[in-house]
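Engineer: What follows is a structure written as structure tokens; I'll ask about it next.
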Amino acid sequence: MSAKVFSISNQKGGTGKTTLSMNFAAGLAQRGRTLIIDADPQRSAGQWTGLASEKRPFPVSVISIAGNLAHEINHFRQDYQYIVIDCPPTLEGETVRHAMQAADTLLIPVLPSPVDLWASVRLADTVEQAKLGNPKLQAYLVINQQEPRSALSRAMQQALDEFDIPSLKGGLRRRAIYRTSAIEGASVFCLGKQGHAAVQEIESIIEELL
């Protein structure tokens, strides 16, 4: 068995990268042994699990890796079914390049506005470069913080159509429960009925990818 590796990346902060990483990994953990690799210098994933209570520990182990990420991941491939890499919010440096070399799937969270999507346009070029060394890499946009009562605007849909990276059908709505999960060091899967709608969103993304 060799782990399926997911890399979560965007060139800018504030897109919900760590929120997606942590809850996505928690959903995968219900299907098989899962590891989160915190490759962000801000160590957001590690801080998230540090807020977990002893009675309700986070369901996925988090480790930080410095150095050649692609090489280090090979040490864990046989021990896990899924590996999720929370990348730094940048395209610069070796970390993101190594993460894309090691990944089967790249998820790119973007906010539901054309401006935010266009700010991520350089990522498409980075993905194409990564595919030269990793032809199996598949990349998808994940729309985050969608407003519950409004569909994507015409301008946003037009921007998506012009983008070279496809978007998943499933996405995340703007929900307070995602912030609550971070504050409590938990995942939405651990928060009972109040997390049910968010769980369905994460499950929809997982089912679409698996």
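Simple scheme: letters A, B, ... for chains in structure tokens order, numbers from 1 for residues in each chain, numbers from 1 for ligands in the order shown.
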Mind checking which residues fall within 8 Å of Gln81 (chain A), counting only C-alpha atoms, ignoring those fewer than 2 positions away in the same chain, and posting them as a compact mmCIF listing (two decimals) with N, CA and C atoms, in the first residue's frame?

Structural biologist:
# COMPACT_ATOMS: atom_id res chain seq x y z
N MET A 1 0.84 -1.19 0.00
CA MET A 1 0.00 0.00 0.00
C MET A 1 0.88 1.24 0.00
N SER A 2 0.56 2.19 -0.87
CA SER A 2 1.26 3.46 -0.90
C SER A 2 0.25 4.58 -0.72
N ALA A 3 0.53 5.53 0.15
CA ALA A 3 -0.43 6.57 0.49
C ALA A 3 -0.79 7.43 -0.71
N LYS A 4 -2.03 7.86 -0.75
CA LYS A 4 -2.46 8.88 -1.71
C LYS A 4 -2.15 10.23 -1.07
N GLY A 32 -9.27 5.72 6.40
CA GLY A 32 -7.98 5.05 6.49
C GLY A 32 -7.00 5.91 7.29
N ARG A 33 -5.89 5.32 7.65
CA ARG A 33 -4.89 6.00 8.46
C ARG A 33 -4.35 7.22 7.71
N THR A 34 -4.40 8.37 8.34
CA THR A 34 -4.11 9.65 7.68
C THR A 34 -3.07 10.44 8.46
N ARG A 77 4.96 6.86 3.19
CA ARG A 77 4.00 6.37 2.20
C ARG A 77 3.44 4.98 2.53
N GLN A 78 4.26 4.11 3.07
CA GLN A 78 3.82 2.75 3.34
C GLN A 78 3.05 2.62 4.65
N ASP A 79 3.13 3.65 5.50
CA ASP A 79 2.49 3.58 6.82
C ASP A 79 1.11 4.22 6.86
N ILE A 83 -2.07 11.08 2.95
CA ILE A 83 -1.20 12.13 3.50
C ILE A 83 -1.69 13.46 2.95

Engineer: Can you pull out the residues contacting region 117-128 of chain A? Cut-off 10 Å, using only C-alpha atoms, and skip same-chain residues under 3 positions away; I want them as an NGL selection string.

Structural biologist: :A and (9-12 or 90-91 or 96-97 or 100-101 or 106 or 108-114 or 131-135 or 137-139 or 141 or 143 or 156 or 159-160 or 162-165)

Engineer: Once you have the residues from the selection above, write them out as a PDB file, in the first residue's frame, restricted to C-alpha atoms.

Structural biologist:
ATOM      1  CA  SER A   9      -1.747  25.215  -1.629  1.00  0.00           C
ATOM      2  CA  ASN A  10      -2.330  28.777  -2.740  1.00  0.00           C
ATOM      3  CA  GLN A  11       0.044  31.690  -3.302  1.00  0.00           C
ATOM      4  CA  LYS A  12      -1.860  33.976  -0.927  1.00  0.00           C
ATOM      5  CA  THR A  90       3.584  31.268  -1.407  1.00  0.00           C
ATOM      6  CA  LEU A  91       4.901  29.974  -4.684  1.00  0.00           C
ATOM      7  CA  VAL A  96       5.723  24.022  -2.652  1.00  0.00           C
ATOM      8  CA  ARG A  97       7.703  22.576  -5.555  1.00  0.00           C
ATOM      9  CA  MET A 100       3.749  19.141  -5.908  1.00  0.00           C
ATOM     10  CA  GLN A 101       6.396  16.593  -6.861  1.00  0.00           C
ATOM     11  CA  LEU A 106      -3.325  19.458  -5.583  1.00  0.00           C
ATOM     12  CA  ILE A 108      -6.291  25.122  -4.365  1.00  0.00           C
ATOM     13  CA  PRO A 109      -8.804  26.918  -2.112  1.00  0.00           C
ATOM     14  CA  VAL A 110      -9.968  30.232  -3.581  1.00  0.00           C
ATOM     15  CA  LEU A 111     -12.451  32.816  -2.369  1.00  0.00           C
ATOM     16  CA  PRO A 112     -15.600  33.397  -4.465  1.00  0.00           C
ATOM     17  CA  SER A 113     -14.551  36.585  -6.196  1.00  0.00           C
ATOM     18  CA  PRO A 114     -12.912  37.124  -9.584  1.00  0.00           C
ATOM     19  CA  LYS A 131       3.531  18.259 -14.167  1.00  0.00           C
ATOM     20  CA  LEU A 132       6.737  18.102 -16.182  1.00  0.00           C
ATOM     21  CA  GLY A 133       8.329  16.219 -13.286  1.00  0.00           C
ATOM     22  CA  ASN A 134       5.127  14.668 -11.922  1.00  0.00           C
ATOM     23  CA  PRO A 135       2.781  13.825 -14.843  1.00  0.00           C
ATOM     24  CA  LEU A 137      -0.493  15.392 -10.652  1.00  0.00           C
ATOM     25  CA  GLN A 138      -4.134  16.477 -10.808  1.00  0.00           C
ATOM     26  CA  ALA A 139      -5.079  19.992  -9.685  1.00  0.00           C
ATOM     27  CA  LEU A 141      -9.816  24.684  -7.414  1.00  0.00           C
ATOM     28  CA  ILE A 143     -14.341  27.451  -3.839  1.00  0.00           C
ATOM     29  CA  MET A 156     -16.814  34.641 -11.021  1.00  0.00           C
ATOM     30  CA  ALA A 159     -13.221  33.826 -14.408  1.00  0.00           C
ATOM     31  CA  LEU A 160     -13.462  30.106 -13.576  1.00  0.00           C
ATOM     32  CA  GLU A 162     -11.007  31.159 -18.270  1.00  0.00           C
ATOM     33  CA  PHE A 163      -8.833  29.402 -15.697  1.00  0.00           C
ATOM     34  CA  ASP A 164      -6.726  26.444 -16.795  1.00  0.00           C
ATOM     35  CA  ILE A 165      -7.440  24.469 -13.603  1.00  0.00           C
TER      36      ILE A 165
END

Engineer: Between A:Ala25, A:Cys87, A:Ala176, A:Val5, which residue has the minimum interatomic distance to Gln42 (chain A), considering only C-alpha atoms?

Structural biologist: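 Looking at the shortest contact to Gln42 (chain A), the residue is A:Cys87.
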
Engineer: How many Å separate CA of Ile36 (chain A) from CA of Trp48 (chain A)?

Structural biologist: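 Going from CA of Ile36 (chain A) over to CA of Trp48 (chain A), I get 11.6 Å.
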
Engineer: I'd like the neighbourhood of Ala99 (chain A) as a VMD selection string, where a residue qualifies if any of its atoms comes within 7 Å (using only C-alpha atoms), though same-chain residues fewer than 3 positions away should be ignored.

Structural biologist: chain A and resid 7 69 to 70 95 to 96 102 to 103

Engineer: Using the selection just defined, write its residues with C-alpha atoms as a short mmCIF file (atom, residue, chain, number, x, y, z; two decimals), in the first residue's frame.

Structural biologist:
data_model
loop_
_atom_site.label_atom_id
_atom_site.label_comp_id
_atom_site.auth_asym_id
_atom_site.auth_seq_id
_atom_site.Cartn_x
_atom_site.Cartn_y
_atom_site.Cartn_z
CA SER A 7 -1.24 18.96 -1.32
CA LEU A 69 9.71 17.38 1.50
CA ALA A 70 9.40 14.95 -1.41
CA THR A 95 8.67 23.61 -0.29
CA VAL A 96 5.72 24.02 -2.65
CA ALA A 102 5.14 14.26 -4.14
CA ALA A 103 1.39 14.83 -4.54
#

Engineer: Counting only C-alpha atoms, which residue out of A:Gly93, A:Pro57, A:Gly171, A:Gly46 sits closest to Ser204 (chain A)?

Structural biologist: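 Checking each candidate against Ser204 (chain A), we get A:Gly171 as the closest.
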
Engineer: Taking the DSSP assignment computed from this structure's backbone, write out as a list of chain:residue names all residues of region 11-121 of chain A that belong to strand (DSSP E or B).

Structural biologist: A:Thr34, A:Leu35, A:Ile36, A:Ile37, A:Asp38, A:Ser61, A:Val62, A:Ile63, A:Ser64, A:Tyr82, A:Ile83, A:Val84, A:Ile85, A:Asp86, A:Thr105, A:Leu106, A:Leu107, A:Ile108, A:Pro109, A:Val110

Engineer: Identify, on the basis of only C-alpha atoms, every residue whose closest approach to region 181-195 of chain A does not exceed 7 Å; exclude the query and any residue fewer than 2 positions from it along the same chain; express the result as a list of chain:residue names.

Structural biologist: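 Residues meeting the cut-off are A:Met22, A:Asn23, A:Ala26, A:Trp48, A:Thr49, A:Gly50, A:Leu51, A:Ala52, A:Phe58, A:Ile177, A:Tyr178, A:Arg179, A:Ala197, A:Ala198, A:Val199.
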